Amino acid sequence: MAPPPGASLGPPPTAIMGPKGAVPLTSINISRCVGMGRSGCIQRRRRCGHVRIAAKIAEDRQEVGGSGTAEARGSSEAAVSRDVQDWVDRFGNAPRKGCDILVQALEREGVSTVFAYPGGASMEIHQALTRSGSMRNILCRHEQGEIFAAEGYAKVTGTVGVCIATSGPGATNLATGLADALLDSMPVVAITGQVPRRFIGSDAFQETPIVEVSRQITKHNYLVMDVNDIPRIVKEAFYLARTGRPGPVLIDIPKDVQQSLAVPDWDVPMSLTGYMRRLPQPPKPIDVKKILRAIHEAKKPVIYCGGGTLDCSAELKRLAQRAGIPVAQTLMGLGAFPETDTLSLRMLGMHGTVYANYAVDQADLLLAFGVRFDDRVTGKLEAFASHARIVHVDIDPAEIHKNKSAHIPVCADAGETLKMLNLMLDSDPVNPDRFSQWRAEVEAKREEFPLSHPDRDDVIIPQWAIKVLHEETKGDAIVTTGVGQHQMWAAQWYPFEEPRRFVTSGGLGSMGFGLPSALGAACPFDGKDGRPKKVVVDIDGDGSFLMNVQELATVFVENLDVKVFILNNQHLGMVVQWEDRFYKANRAHTYLGKKDAAYHETGELEDIYPDFVKMADSFGVPSQRVIRPEELRPAIRKMLDTPGPYVLDVMVPHIEHVLPMIPGGASFKEIITEGDGTTEY
C-alpha cells in the first residue's frame, strides 16, 4: 500500500529484483533501434546495420563526457527551436514536485493542448496540469481515443501530439495508437503513470511493464527513475519524436517520482549523441546531380510521393510543374501535390486510379520521394515499376532497398533534396515539352478510365455522397476517416489542394480512428483564443464509428466543430467486398445489424441498427438520418450550418464496391474496374 500523501518516501531504491538478480536503477533509456527515425523488429534492424542507442543513461553520459560533449550540448540547444526566453518559472528557485517539473517541461516544448485521462498512477500529473496557466487538457473518454486524438492533432499541425494515461489498463489502451503512429510516422509523445518504484516487478495493482509492451511499437521509450532526469528526458523525447523519421515516444513515470521534490535544471543537455550522429546528413550534390541526369535521360518519368513530402509541397509542386512530370500520391501523401492540377494522377495503389497505376507500370523513371513502397501501393513487387529506373529519396535508411531496390538511393530529407534539385534545375532546366507525348499517353488513359460511380435516384450512392460533401464544403474541410470502404472513397472523391488536410490510419488500418482523430484535428482549428477556425468532417463507416463512439461526449462537452458523416451500410463493407469477390459472397460475420430483421432486406426504418440518431441525441449532439438522394444536399448544408458537433447518418447500399481494385499481391495488369455485390464471381 502506498504511504499517505505527505508521508516521507525515504531514499529511492537502488535496485529491483530481476530474473537474474538485482538490477541497478537509473532512469532507463530503453534500448531501441531508433536509427534515423523508425523502429522495427530487432532482426530487421540488425540486418540494416543500425546501432542502438545506449541502454542506460550512464552509458550515454560516459559518451557525452568525452569529445562529444560540446557537440551534444550544441545539438541540444539547436534542437529546442522554440523560444523559451519569455517563459517564466512560476516556482522560481523553489523545489517542486516531479509532476510539476513534467508539466513545465511540456510548456517549454510549446505544448498548449494535451489529451489525458486520469487514474491512480497519473493523478499527480493531472493535479499539476490544473496549475498550468497555458495548457488545456481535452478529456477524451477512452485512452485509445486520446492517442488517436493526439495523432490527429499532430497530422494537421505538423507538431508533436501529447497524450497522458495512467498505469496498467490505461497504458495498454494506448498500444494500438502507438503502433498506428509508428507505421504512419506521426510525432507523438505518450506519457504514462507507473506504480511506485519499489513496487515495480511485484505485480502490483494496475502494474504493466509498458516500456516492454511498447518496445516494438515506439521509436523510443523511457522509464524515469530519477526526478532530476525529467527535464532532459522530455527534451529528448520531443526531439526524437519530431526529427529524422517522426514517430511515437513513450515516457513512463512512477508515481513516487511524480511526488518527489526537486529544483529542475532546464539547461541540461540531451544525451543522444549516438542518435544525432546517425541522423541523415544533407543530400550530397553528387547524388542530386544523378537524379537530375536521370530526369534528362528519361522519356516517361513519374513522381511517386508520400507522407514524407507533406512539409515540402511547394518544392514538390515546383519540380513537377517546371519539368512537366506527372505526380501520383500515396494515401498518406494526399494533398502534398494539388489533386486538381492537370499533372496530378491522384492516388496510386490497390484502390488508386487506373491512370496513376498505368503511369507507374509504364514509366522508365520513378522518382520516389518520402515513401516506403508498401504492399498496398506495390502489389506484386517484382511487377511494380518493372520498366523503371528507381530513384528513392527517404530520411529513413531502413526503407532504402527494403522492399524495392533503388538505382539511385538518397538517404536524406525529401524537402532538402527537392530544394537542391530545383536549384540545379535553374542552371540546367528540363524543357516540360520533352514529356508532352508521355503526358498525352497518360491523359488518354485518364479519359478511358475516369473515376466513376453508378448513377441512381432510388438510393444514395456513397461515392456520390462524398462528392456532394466536397462541393458543399468547397473542398476546404479537414477530413478524417475510419478504416474501410468509406476511407478509400474519401481518398478518391474528396480531392485535397493542400497538405495536412487528410487524416487517416494508413499503415495499421485502425478502425475507430475517425472520430477521435477528428476531435484532435479540431482543437488547433476551433477559432478560440486566437486560433484559426476550420470545419472538420469525420467521414466514417457504421462499424468503424461504433468502435470509439464514446468520443461524442468529448466533442459535445468541448463544443468542437466536428461533423460526423456516416456512410451506413449495416455491414463491414470492405470485408463484404472481399467476400463478394473471393469467397462467393459467403457472409462470415460481416453483417452488423439485427439478426431477425435486416434493413437491407426489409427497407423498414425501425430495422436500422443501431440507431445513431438516438445515440447522438443521448450525447446531446444534433443529428439527422437521410435515405433518399434528394435529402442529402440539404442535410449536408444543415450539418455544416449547425454550430458545434453534428452527426449525419447516411444510409447507403452494402453492395457497392470500391473500384478500381488491384487484388492483394497482384499486378496492375489484374486491375478490376467494374462490378458490385450483385454480380456472381
# chains A, B, ... in the order shown; residues from 1 in each chain; ligands from 1

call {"tool": "residues_around", "arguments": {"residues": "Glu558 in chain A", "least_positions_apart": "4", "cutoff": "10 Å", "atoms": "only C-alpha atoms", "output": "PyMOL selection string"}}
result
chain A and resi 138-140+519+523+526+552-554+644-645

call {"tool": "residues_around", "arguments": {"residues": "Pro187 in chain A", "least_positions_apart": "3", "cutoff": "6 Å", "atoms": "only C-alpha atoms", "output": "MDAnalysis selection string"}}
result
chainID A and resid 160 241:242 246:248

call {"tool": "closest_residue", "arguments": {"among": "A:Asp361, A:Asp542, A:Glu674, A:Glu212", "to": "Asp611 in chain A", "atoms": "only C-alpha atoms"}}
result
A:Asp542

call {"tool": "select_by_dssp", "arguments": {"residues": "range 377-607 of chain A", "states": "helix (DSSP H, G or I)", "output": "number ranges by chain"}}
result
A: 377-378, 381-383, 397-399, 414-427, 432-448, 462-473, 485-493, 514-525, 542-547, 549-557, 573-582, 599-602, 605-607

call {"tool": "residues_around", "arguments": {"residues": "range 189-206 of chain A", "least_positions_apart": "4", "cutoff": "8 Å", "atoms": "only C-alpha atoms", "output": "PyMOL selection string"}}
result
chain A and resi 2+12-13+16-18+121-122+147+160-171+225+237-238+241+248-257

call {"tool": "closest_residue", "arguments": {"among": "A:His142, A:Tyr117, A:Gly541, A:Leu515", "to": "Ala490 in chain A", "atoms": "only C-alpha atoms"}}
result
A:Gly541
